[in-house]
$ cat my_file.cif   # mmCIF, C-alpha atoms (C1' of nucleotides)
data_data
#
loop_
_atom_site.label_atom_id
_atom_site.label_comp_id
_atom_site.auth_asym_id
_atom_site.auth_seq_id
_atom_site.Cartn_x
_atom_site.Cartn_y
_atom_site.Cartn_z
CA MET A 1 0.00 0.00 0.00
CA THR A 2 1.30 3.40 -0.92
CA SER A 3 0.82 5.03 2.40
CA VAL A 4 1.28 8.24 4.19
CA ASN A 5 4.87 8.71 5.31
CA ASP A 6 6.68 7.19 2.43
CA LEU A 7 6.47 10.20 0.21
CA PRO A 8 7.68 13.74 0.68
CA GLY A 9 5.52 16.08 2.65
CA THR A 10 3.15 13.43 3.63
CA ARG A 11 3.09 13.52 7.40
CA PRO A 12 -0.27 14.90 8.32
CA GLY A 13 1.33 16.57 11.29
CA PRO A 14 -0.53 18.26 14.07
CA TRP A 15 -3.16 20.73 13.13
CA SER A 16 -2.13 24.35 13.56
CA ASP A 17 -1.12 25.51 16.97
CA HIS A 18 -1.92 29.19 16.62
CA ILE A 19 -5.07 30.56 18.22
CA ALA A 20 -6.90 30.62 14.95
CA GLY A 21 -6.66 26.86 14.67
CA LEU A 22 -7.24 26.25 18.34
CA LEU A 23 -10.32 28.42 18.50
CA GLY A 24 -11.61 26.79 15.37
CA SER A 25 -11.24 23.29 16.77
CA ALA A 26 -13.01 24.23 19.97
CA LEU A 27 -15.86 25.85 18.12
CA ARG A 28 -16.20 22.86 15.87
CA GLN A 29 -16.80 20.64 18.87
CA VAL A 30 -19.64 22.81 20.04
CA ARG A 31 -21.24 22.84 16.63
CA GLU A 32 -21.01 19.07 16.40
CA GLU A 33 -22.62 18.61 19.77
CA ILE A 34 -25.52 20.81 18.74
CA LEU A 35 -26.00 18.96 15.49
CA ALA A 36 -25.84 15.53 17.08
CA ASN A 37 -29.43 14.33 17.41
CA SER A 38 -30.71 17.64 16.13
CA GLU A 39 -32.35 16.30 13.01
CA GLU A 40 -34.49 13.77 14.79
CA HIS A 41 -35.83 16.27 17.29
CA PHE A 42 -36.00 19.44 15.23
CA PRO A 43 -35.89 18.58 11.57
CA GLY A 44 -34.56 21.27 9.31
CA LEU A 45 -32.69 23.20 11.94
CA ARG A 46 -29.04 23.96 11.46
CA VAL A 47 -26.60 25.66 13.78
CA SER A 48 -27.30 29.11 12.43
CA HIS A 49 -30.98 28.62 13.13
CA TYR A 50 -30.42 27.64 16.71
CA ARG A 51 -28.24 30.66 17.06
CA LEU A 52 -31.00 32.87 15.77
CA LEU A 53 -33.67 31.24 17.89
CA GLU A 54 -31.59 31.95 20.96
CA LEU A 55 -31.26 35.57 19.98
CA ILE A 56 -34.97 36.23 19.83
CA PRO A 57 -36.11 37.90 23.06
CA ALA A 58 -38.96 36.18 24.88
CA ASP A 59 -41.36 38.97 23.99
CA GLY A 60 -40.27 39.08 20.39
CA GLY A 61 -37.80 41.04 18.35
CA ARG A 62 -37.70 43.01 15.12
CA ILE A 63 -35.71 41.97 12.10
CA THR A 64 -33.46 44.98 12.18
CA ASP A 65 -32.47 44.53 15.81
CA LEU A 66 -31.96 40.82 15.45
CA ALA A 67 -29.79 41.43 12.43
CA GLU A 68 -27.67 43.86 14.37
CA VAL A 69 -27.17 41.51 17.27
CA ALA A 70 -26.45 38.62 14.94
CA ALA A 71 -24.02 40.80 13.00
CA MET A 72 -25.59 40.12 9.65
CA THR A 73 -27.71 41.93 7.13
CA LYS A 74 -31.45 42.36 7.50
CA GLN A 75 -31.92 40.40 4.32
CA GLY A 76 -29.86 37.51 5.53
CA LEU A 77 -31.65 37.44 8.79
CA GLY A 78 -35.00 37.81 7.09
CA GLN A 79 -34.28 34.71 5.07
CA HIS A 80 -33.69 32.71 8.21
CA VAL A 81 -36.85 34.07 9.77
CA ASP A 82 -38.91 33.11 6.75
CA TYR A 83 -37.45 29.65 6.81
CA LEU A 84 -38.06 29.20 10.52
CA GLN A 85 -41.58 30.48 10.13
CA ARG A 86 -42.30 27.99 7.38
CA LEU A 87 -41.14 25.22 9.68
CA GLY A 88 -43.17 26.56 12.57
CA TYR A 89 -40.35 27.60 14.87
CA VAL A 90 -41.25 31.28 14.87
CA GLU A 91 -44.24 33.42 14.04
CA SER A 92 -44.44 37.10 13.27
CA ASP A 93 -46.89 39.97 13.00
CA ARG A 94 -46.73 43.49 11.85
CA LEU A 95 -46.84 45.89 14.74
CA ARG A 96 -50.05 47.90 14.94
CA ALA A 97 -48.12 50.88 16.20
CA ASP A 98 -45.79 50.81 13.20
CA ARG A 99 -46.82 48.60 10.38
CA ARG A 100 -43.38 48.55 8.83
CA VAL A 101 -42.17 46.54 11.79
CA ARG A 102 -42.43 42.80 11.87
CA LEU A 103 -42.21 41.40 15.36
CA VAL A 104 -40.74 37.93 15.41
CA ARG A 105 -41.56 35.56 18.24
CA ARG A 106 -40.62 31.98 18.97
CA THR A 107 -43.43 29.48 18.97
CA ALA A 108 -43.59 26.82 21.68
CA LYS A 109 -41.71 24.58 19.28
CA GLY A 110 -39.16 27.33 18.86
CA ASP A 111 -38.76 27.56 22.62
CA GLU A 112 -38.06 23.86 22.76
CA ALA A 113 -35.49 24.11 20.04
CA ALA A 114 -33.73 26.98 21.77
CA ALA A 115 -33.68 24.96 24.98
CA PHE A 116 -32.30 22.03 23.08
CA SER A 117 -29.34 23.96 21.76
CA ARG A 118 -28.76 25.62 25.12
CA ALA A 119 -28.62 22.16 26.64
CA ALA A 120 -26.18 20.95 24.02
CA ILE A 121 -23.91 23.89 24.69
CA GLU A 122 -24.14 23.25 28.40
CA ARG A 123 -23.17 19.65 27.84
CA VAL A 124 -20.03 20.86 26.14
CA GLU A 125 -19.38 23.33 28.92
CA ASP A 126 -19.81 20.60 31.49
CA SER A 127 -17.55 18.19 29.70
CA TRP A 128 -14.88 20.82 29.30
CA SER A 129 -15.30 21.80 32.90
CA ALA A 130 -14.74 18.18 33.89
CA LEU A 131 -11.77 17.91 31.58
CA LEU A 132 -10.05 21.10 32.70
CA GLY A 133 -11.29 21.48 36.21
CA GLY A 134 -13.98 23.96 37.08
CA ASP A 135 -11.77 26.93 37.79
CA ARG A 136 -9.68 26.57 34.68
CA PHE A 137 -12.86 26.44 32.66
CA GLU A 138 -14.08 29.59 34.36
CA THR A 139 -10.74 31.16 33.55
CA LEU A 140 -11.28 30.29 29.92
CA ARG A 141 -14.71 31.86 29.88
CA GLU A 142 -13.42 34.90 31.69
CA ILE A 143 -10.54 35.41 29.28
CA LEU A 144 -12.78 35.02 26.26
CA ARG A 145 -15.12 37.60 27.68
CA GLU A 146 -12.24 40.02 27.97
CA LEU A 147 -11.28 39.41 24.37
CA GLY A 148 -14.80 39.86 23.14
CA GLY A 149 -14.45 43.62 23.45
CA ASP A 150 -15.76 43.98 19.96
CA ARG A 151 -19.39 43.10 19.89
CA PRO A 152 -20.56 41.86 16.54
CA GLY A 153 -22.72 44.39 14.83
CA GLN A 154 -21.20 45.72 11.66
CA PRO A 155 -23.71 44.77 8.97
CA THR A 156 -27.45 45.45 9.04
CA ARG A 157 -27.25 47.27 5.78
CA MET B 1 -37.64 58.42 15.49
CA THR B 2 -38.99 55.02 16.20
CA SER B 3 -35.98 53.65 17.89
CA VAL B 4 -34.73 50.64 19.62
CA ASN B 5 -35.97 50.50 23.21
CA ASP B 6 -39.45 51.83 22.80
CA LEU B 7 -40.92 48.59 21.62
CA PRO B 8 -41.10 45.20 23.22
CA GLY B 9 -38.12 42.95 22.93
CA THR B 10 -36.02 45.51 21.30
CA ARG B 11 -32.97 45.83 23.46
CA PRO B 12 -30.12 44.38 21.47
CA GLY B 13 -28.62 43.11 24.67
CA PRO B 14 -25.18 41.62 24.95
CA TRP B 15 -24.26 38.92 22.53
CA SER B 16 -24.42 35.46 23.97
CA ASP B 17 -22.29 34.65 26.94
CA HIS B 18 -21.92 30.92 26.43
CA ILE B 19 -18.68 29.56 25.01
CA ALA B 20 -20.18 29.15 21.58
CA GLY B 21 -20.69 32.88 21.29
CA LEU B 22 -17.45 33.78 22.99
CA LEU B 23 -15.37 31.51 20.82
CA GLY B 24 -17.14 32.81 17.77
CA SER B 25 -16.39 36.42 18.62
CA ALA B 26 -12.74 35.69 19.21
CA LEU B 27 -12.41 33.80 15.98
CA ARG B 28 -14.12 36.58 14.11
CA GLN B 29 -11.45 39.00 15.24
CA VAL B 30 -8.71 36.81 13.88
CA ARG B 31 -10.45 36.43 10.57
CA GLU B 32 -10.92 40.17 10.27
CA GLU B 33 -7.28 40.83 10.99
CA ILE B 34 -6.25 38.43 8.26
CA LEU B 35 -8.61 39.96 5.76
CA ALA B 36 -7.60 43.53 6.53
CA ASN B 37 -5.19 44.58 3.77
CA SER B 38 -5.30 41.11 2.30
CA GLU B 39 -6.84 42.11 -0.98
CA GLU B 40 -4.22 44.69 -1.83
CA HIS B 41 -1.32 42.34 -1.19
CA PHE B 42 -2.73 39.02 -2.25
CA PRO B 43 -5.74 39.57 -4.45
CA GLY B 44 -8.23 36.76 -4.53
CA LEU B 45 -7.19 35.13 -1.30
CA ARG B 46 -9.75 34.51 1.38
CA VAL B 47 -9.33 33.13 4.85
CA SER B 48 -9.82 29.53 3.80
CA HIS B 49 -7.06 29.91 1.23
CA TYR B 50 -4.58 31.24 3.75
CA ARG B 51 -5.50 28.36 5.97
CA LEU B 52 -4.76 25.92 3.20
CA LEU B 53 -1.51 27.60 2.20
CA GLU B 54 -0.31 27.25 5.77
CA LEU B 55 -1.14 23.58 5.77
CA ILE B 56 1.03 22.73 2.79
CA PRO B 57 4.36 21.29 3.97
CA ALA B 58 7.46 23.01 2.66
CA ASP B 59 8.31 20.02 0.47
CA GLY B 60 4.80 19.70 -0.83
CA GLY B 61 1.76 17.69 0.08
CA ARG B 62 -0.76 15.49 -1.63
CA ILE B 63 -4.42 16.33 -1.97
CA THR B 64 -5.60 13.43 0.14
CA ASP B 65 -3.34 14.23 3.07
CA LEU B 66 -4.08 17.92 2.94
CA ALA B 67 -7.78 17.15 2.89
CA GLU B 68 -7.44 15.00 5.95
CA VAL B 69 -5.50 17.59 7.90
CA ALA B 70 -7.91 20.29 6.82
CA ALA B 71 -10.83 18.08 7.77
CA MET B 72 -12.56 18.42 4.45
CA THR B 73 -13.21 16.30 1.41
CA LYS B 74 -10.64 15.73 -1.31
CA GLN B 75 -12.96 17.39 -3.78
CA GLY B 76 -13.38 20.46 -1.65
CA LEU B 77 -9.69 20.73 -1.13
CA GLY B 78 -9.02 20.07 -4.79
CA GLN B 79 -11.17 23.03 -5.71
CA HIS B 80 -9.12 25.29 -3.51
CA VAL B 81 -5.91 23.93 -4.95
CA ASP B 82 -7.11 24.54 -8.50
CA TYR B 83 -8.08 28.06 -7.60
CA LEU B 84 -4.77 28.79 -5.88
CA GLN B 85 -2.89 27.33 -8.79
CA ARG B 86 -4.75 29.53 -11.25
CA LEU B 87 -3.75 32.55 -9.17
CA GLY B 88 -0.16 31.37 -8.92
CA TYR B 89 0.01 30.66 -5.22
CA VAL B 90 0.71 26.97 -5.62
CA GLU B 91 1.95 24.62 -8.30
CA SER B 92 1.64 20.89 -8.60
CA ASP B 93 3.03 17.91 -10.43
CA ARG B 94 2.17 14.29 -10.71
CA LEU B 95 4.61 12.12 -8.84
CA ARG B 96 6.80 10.00 -11.08
CA ALA B 97 6.71 7.18 -8.56
CA ASP B 98 2.92 7.13 -8.54
CA ARG B 99 1.20 9.06 -11.24
CA ARG B 100 -2.11 9.16 -9.43
CA VAL B 101 -0.56 11.44 -6.88
CA ARG B 102 -0.48 15.16 -7.38
CA LEU B 103 2.09 16.85 -5.19
CA VAL B 104 1.10 20.40 -4.31
CA ARG B 105 3.73 22.97 -3.44
CA ARG B 106 3.59 26.65 -2.57
CA THR B 107 5.20 29.02 -5.01
CA ALA B 108 7.31 31.90 -3.74
CA LYS B 109 4.18 34.00 -3.90
CA GLY B 110 2.40 31.35 -1.87
CA ASP B 111 5.14 31.46 0.72
CA GLU B 112 4.69 35.19 1.02
CA ALA B 113 0.98 34.81 1.44
CA ALA B 114 1.40 32.19 4.13
CA ALA B 115 3.83 34.47 5.93
CA PHE B 116 1.36 37.30 5.62
CA SER B 117 -1.41 35.40 7.35
CA ARG B 118 0.98 34.05 9.95
CA ALA B 119 1.95 37.62 10.69
CA ALA B 120 -1.67 38.71 10.94
CA ILE B 121 -2.38 35.94 13.41
CA GLU B 122 0.67 36.90 15.39
CA ARG B 123 -0.51 40.47 15.51
CA VAL B 124 -3.72 39.28 17.09
CA GLU B 125 -1.80 37.07 19.48
CA ASP B 126 0.40 39.99 20.45
CA SER B 127 -2.51 42.33 20.96
CA TRP B 128 -4.32 39.79 23.08
CA SER B 129 -1.18 39.11 24.98
CA ALA B 130 -0.87 42.81 25.72
CA LEU B 131 -4.52 43.02 26.67
CA LEU B 132 -4.53 40.03 28.96
CA GLY B 133 -0.96 39.89 30.13
CA GLY B 134 1.43 37.37 28.72
CA ASP B 135 0.80 34.57 31.16
CA ARG B 136 -2.96 34.75 30.93
CA PHE B 137 -2.64 34.58 27.18
CA GLU B 138 -0.43 31.55 27.48
CA THR B 139 -3.03 30.07 29.80
CA LEU B 140 -5.63 30.58 27.10
CA ARG B 141 -3.51 28.88 24.50
CA GLU B 142 -2.73 26.05 26.88
CA ILE B 143 -6.38 25.48 27.74
CA LEU B 144 -7.43 25.50 24.12
CA ARG B 145 -4.78 22.96 23.34
CA GLU B 146 -6.19 20.69 26.01
CA LEU B 147 -9.65 21.02 24.56
CA GLY B 148 -8.47 20.27 21.07
CA GLY B 149 -8.33 16.59 21.92
CA ASP B 150 -10.33 15.85 18.81
CA ARG B 151 -8.11 16.27 15.82
CA PRO B 152 -10.04 17.40 12.79
CA GLY B 153 -10.04 14.71 10.21
CA GLN B 154 -13.44 13.21 9.66
CA PRO B 155 -14.09 13.80 5.96
CA THR B 156 -11.75 12.95 3.09
CA ARG B 157 -14.36 10.84 1.44
"C1'" DC C 1 -48.80 66.89 2.09
"C1'" DA C 2 -44.35 65.98 0.35
"C1'" DC C 3 -39.90 64.53 1.61
"C1'" DG C 4 -36.45 62.00 3.92
"C1'" DG C 5 -35.37 58.24 6.57
"C1'" DA C 6 -36.42 53.61 8.60
"C1'" DA C 7 -38.23 48.67 8.14
"C1'" DG C 8 -38.41 45.17 5.43
"C1'" DT C 9 -38.46 42.50 0.77
"C1'" DA C 10 -36.87 40.72 -3.80
"C1'" DA C 11 -33.59 38.95 -6.74
"C1'" DA C 12 -29.36 37.56 -7.79
"C1'" DG C 13 -24.75 36.20 -6.78
"C1'" DC C 14 -20.85 34.03 -4.48
"C1'" DA C 15 -17.97 31.31 -1.09
"C1'" DG C 16 -17.16 27.15 0.72
"C1'" DC C 17 -18.27 23.42 1.22
"C1'" DC C 18 -20.51 18.26 0.39
"C1'" DT C 19 -22.53 14.17 -2.28
"C1'" DT C 20 -22.59 11.09 -5.99
"C1'" DA C 21 -20.43 9.21 -9.56
"C1'" DC C 22 -16.89 8.52 -12.13
"C1'" DT C 23 -11.61 7.80 -14.38
"C1'" DA C 24 -6.79 6.72 -13.96
"C1'" DC C 25 -3.61 4.24 -11.80
"C1'" DC C 26 -1.23 0.95 -8.81
"C1'" DT C 27 -0.53 -3.51 -6.28
"C1'" DG C 28 -0.90 -8.21 -4.92
"C1'" DG C 29 -2.23 -12.59 -6.00
"C1'" DA C 30 -3.88 -16.60 -9.06
"C1'" DT D 1 0.65 -11.98 -17.09
"C1'" DC D 2 -3.44 -10.30 -16.12
"C1'" DC D 3 -7.08 -8.94 -13.38
"C1'" DA D 4 -9.61 -7.68 -8.94
"C1'" DG D 5 -9.77 -4.49 -5.73
"C1'" DG D 6 -8.23 -0.48 -3.63
"C1'" DT D 7 -6.32 4.37 -3.82
"C1'" DA D 8 -5.68 9.32 -5.86
"C1'" DG D 9 -7.91 12.51 -7.88
"C1'" DT D 10 -11.73 14.73 -10.95
"C1'" DA D 11 -16.42 16.17 -12.64
"C1'" DA D 12 -20.81 17.83 -11.94
"C1'" DG D 13 -24.21 19.37 -9.30
"C1'" DG D 14 -26.31 20.86 -5.00
"C1'" DC D 15 -26.97 23.43 -0.74
"C1'" DT D 16 -26.13 26.70 3.07
"C1'" DG D 17 -25.41 30.97 4.61
"C1'" DC D 18 -24.53 34.71 3.65
"C1'" DT D 19 -23.88 39.42 0.67
"C1'" DT D 20 -24.97 43.34 -2.67
"C1'" DT D 21 -28.09 46.15 -5.18
"C1'" DA D 22 -32.35 47.79 -5.79
"C1'" DC D 23 -36.56 48.48 -4.57
"C1'" DT D 24 -41.49 49.16 -1.74
"C1'" DT D 25 -44.01 50.50 2.14
"C1'" DC D 26 -44.63 53.18 5.82
"C1'" DC D 27 -43.81 56.74 9.32
"C1'" DG D 28 -42.76 61.41 11.23
"C1'" DT D 29 -41.70 66.16 10.46
"C1'" DG D 30 -41.72 70.68 8.58
#
$ encode --input "my_file.cif" --output "structure tokens"
Amino acid sequence: MTSVNDLPGTRPGPWSDHIAGLLGSALRQVREEILANSEEHFPGLRVSHYRLLELIPADGGRITDLAEVAAMTKQGLGQHVDYLQRLGYVESDRLRADRRVRLVRRTAKGDEAAAFSRAAIERVEDSWSALLGGDRFETLREILRELGGDRPGQPTR
Amino acid sequence: MTSVNDLPGTRPGPWSDHIAGLLGSALRQVREEILANSEEHFPGLRVSHYRLLELIPADGGRITDLAEVAAMTKQGLGQHVDYLQRLGYVESDRLRADRRVRLVRRTAKGDEAAAFSRAAIERVEDSWSALLGGDRFETLREILRELGGDRPGQPTR
DNA sequence: CACGGAAGTAAAGCAGCCTTACTACCTGGA
DNA sequence: TCCAGGTAGTAAGGCTGCTTTACTTCCGTG
């Protein structure tokens, strides 16, 4: 068998050690945990949808504000909202006070989905906490919070 | 002006505090640093291309191995390689010893591009190091390394 | 009541992948 | 020697998750 390691440049080697790679690997784990078992419970939902569902305030939110918080354009966010609405995870109405505004709310099903992804994230947090020790995990969270100085929120064009 | 904060559910609020959000914000900063000034120096390159360029061993690598390390399919990786080759960042030849194998190497231009992204990442590392203090930054890197237990490398179908 | 700005929509495009389905090539064994 | 089966890579198409550009609708103000 012509295998790895008998040709030049073939050792797979460790995956990058700089923070970009390290952060990416960590994030990938979270995404995978969310997706595991997702399809059977909440068909059609992908990570970006869970993210959006979590962003919607309990009493509803408007496209523009959600887009700002999610750091994406209104159009992009609107597409997700339409999709989620078709699948029954959110509903929306025009505001009587200002009929331009569409207030987006989670349905009960949407609440469940948001709880589901929250739980998945917490499972990852717990497993990391067990792996690292509780205080080191808290250190990680603390440090990341300090780095997060920039809130997302460029787009919304 | 009908503004944020005079309608229900309208406070943008802080962006999520769980690790998913925190990791995402941090990663976003790195990506933005890489992209800043990228276009003027290395037109056509996007973050995924820099990532790939960095993965290519100095003496070249084969599609299959690169795909494994990059945790993506051979086809996906092949597309990037074709693109980079068209732009002159890499070159490739079939191996005489095994003509199925295409050995991909960075050109001089590709080396420069890889150095450019390395430098961008280091700028972020330095700025974080200054922000957090050197040892806390090292703690971050250390912790992330511990979490990275899962090497990427699922795909390559 | 018109004019300027805000909320949202429509249409199209593009990046960055993946899936399915090959072709070309090599190796080990009958 | 030849062929069966596996490996390296390619082709074509699809899909997600966005973006840009270009509106429409609606509101508040002068």
$ residues_around --input "my_file.cif" --residues "DC2 (chain D)" --least-positions-apart "4" --cutoff "12 Å" --atoms "only C-alpha atoms (C1' of nucleotides)" --output "list in words"
DG28, DG29 and DA30 of chain C
$ residues_near_point --input "my_file.cif" --point "(-10.4, 12.4, -11.8)" --cutoff "10 Å" --atoms "all atoms listed in the file" --output "PyMOL selection string"
(chain B and resi 75+100) or (chain C and resi 22-24) or (chain D and resi 8-11)
$ interface_residues --input "my_file.cif" --of "chain C" --to "chain A" --cutoff "12 Å" --atoms "all atoms listed in the file" --output "PyMOL selection string"
chain C and resi 6-11+25-28
$ resolve_selection --input "my_file.cif" --expression "the PyMOL selection byres ((chain B) within 7 of (chain A))" --output "MDAnalysis selection string"
chainID B and resid 8:10 12 15 19:20 22:23 25:27 30 57 59:62 65 69 140:141 144:145 147:148
$ atom_distance --input "my_file.cif" --atom1 "CA of Leu84 (chain A)" --atom2 "CA of Glu112 (chain A)"
13.4 Å
$ resolve_selection --input "my_file.cif" --expression "the PyMOL selection byres ((chain A and resi 35-45) around 9)" --output "PDB file with C-alpha atoms, in the coordinates of the input"
ATOM      1  CA  VAL A  30     -19.640  22.810  20.040  1.00  0.00           C
ATOM      2  CA  ARG A  31     -21.240  22.840  16.630  1.00  0.00           C
ATOM      3  CA  GLU A  32     -21.010  19.070  16.400  1.00  0.00           C
ATOM      4  CA  GLU A  33     -22.620  18.610  19.770  1.00  0.00           C
ATOM      5  CA  ILE A  34     -25.520  20.810  18.740  1.00  0.00           C
ATOM      6  CA  ARG A  46     -29.040  23.960  11.460  1.00  0.00           C
ATOM      7  CA  VAL A  47     -26.600  25.660  13.780  1.00  0.00           C
ATOM      8  CA  SER A  48     -27.300  29.110  12.430  1.00  0.00           C
ATOM      9  CA  HIS A  49     -30.980  28.620  13.130  1.00  0.00           C
ATOM     10  CA  TYR A  50     -30.420  27.640  16.710  1.00  0.00           C
ATOM     11  CA  LEU A  84     -38.060  29.200  10.520  1.00  0.00           C
ATOM     12  CA  LEU A  87     -41.140  25.220   9.680  1.00  0.00           C
ATOM     13  CA  LYS A 109     -41.710  24.580  19.280  1.00  0.00           C
ATOM     14  CA  GLU A 112     -38.060  23.860  22.760  1.00  0.00           C
ATOM     15  CA  ALA A 113     -35.490  24.110  20.040  1.00  0.00           C
ATOM     16  CA  PHE A 116     -32.300  22.030  23.080  1.00  0.00           C
ATOM     17  CA  SER A 117     -29.340  23.960  21.760  1.00  0.00           C
ATOM     18  CA  ALA A 120     -26.180  20.950  24.020  1.00  0.00           C
TER      19      ALA A 120
END
$ atom_distance --input "my_file.cif" --atom1 "CA of Ala114 (chain A)" --atom2 "CA of Leu53 (chain A)"
5.8 Å
$ closest_residue --input "my_file.cif" --among "D:DA22, D:DC15, D:DA4, D:DC27" --to "chain A" --atoms "all atoms listed in the file"
D:DC27
$ closest_atom_pairs --input "my_file.cif" --of "chain D" --to "chain A" --cutoff "10 Å" --atoms "all atoms listed in the file" --output "CSV"
residue,atom,partner,partner_atom,distance
D:DG6,C1',A:Met1,CA,9.0
D:DT7,C1',A:Thr2,CA,8.2
D:DT16,C1',A:Arg46,CA,9.3
D:DG17,C1',A:Gly76,CA,8.0
D:DC18,C1',A:Gly76,CA,6.3
D:DT19,C1',A:Thr73,CA,7.9
D:DT20,C1',A:Arg157,CA,9.6
D:DT25,C1',A:Arg100,CA,7.0
D:DC26,C1',A:Arg100,CA,5.7
D:DC27,C1',A:Asp98,CA,7.4
$ atom_distance --input "my_file.cif" --atom1 "C1' of DT21 (chain D)" --atom2 "C1' of DG13 (chain C)"
10.6 Å
$ closest_residue --input "my_file.cif" --among "A:Glu138, A:Tyr83, A:Glu91, A:Thr107" --to "Asp126 (chain A)" --atoms "all atoms listed in the file"
A:Glu138
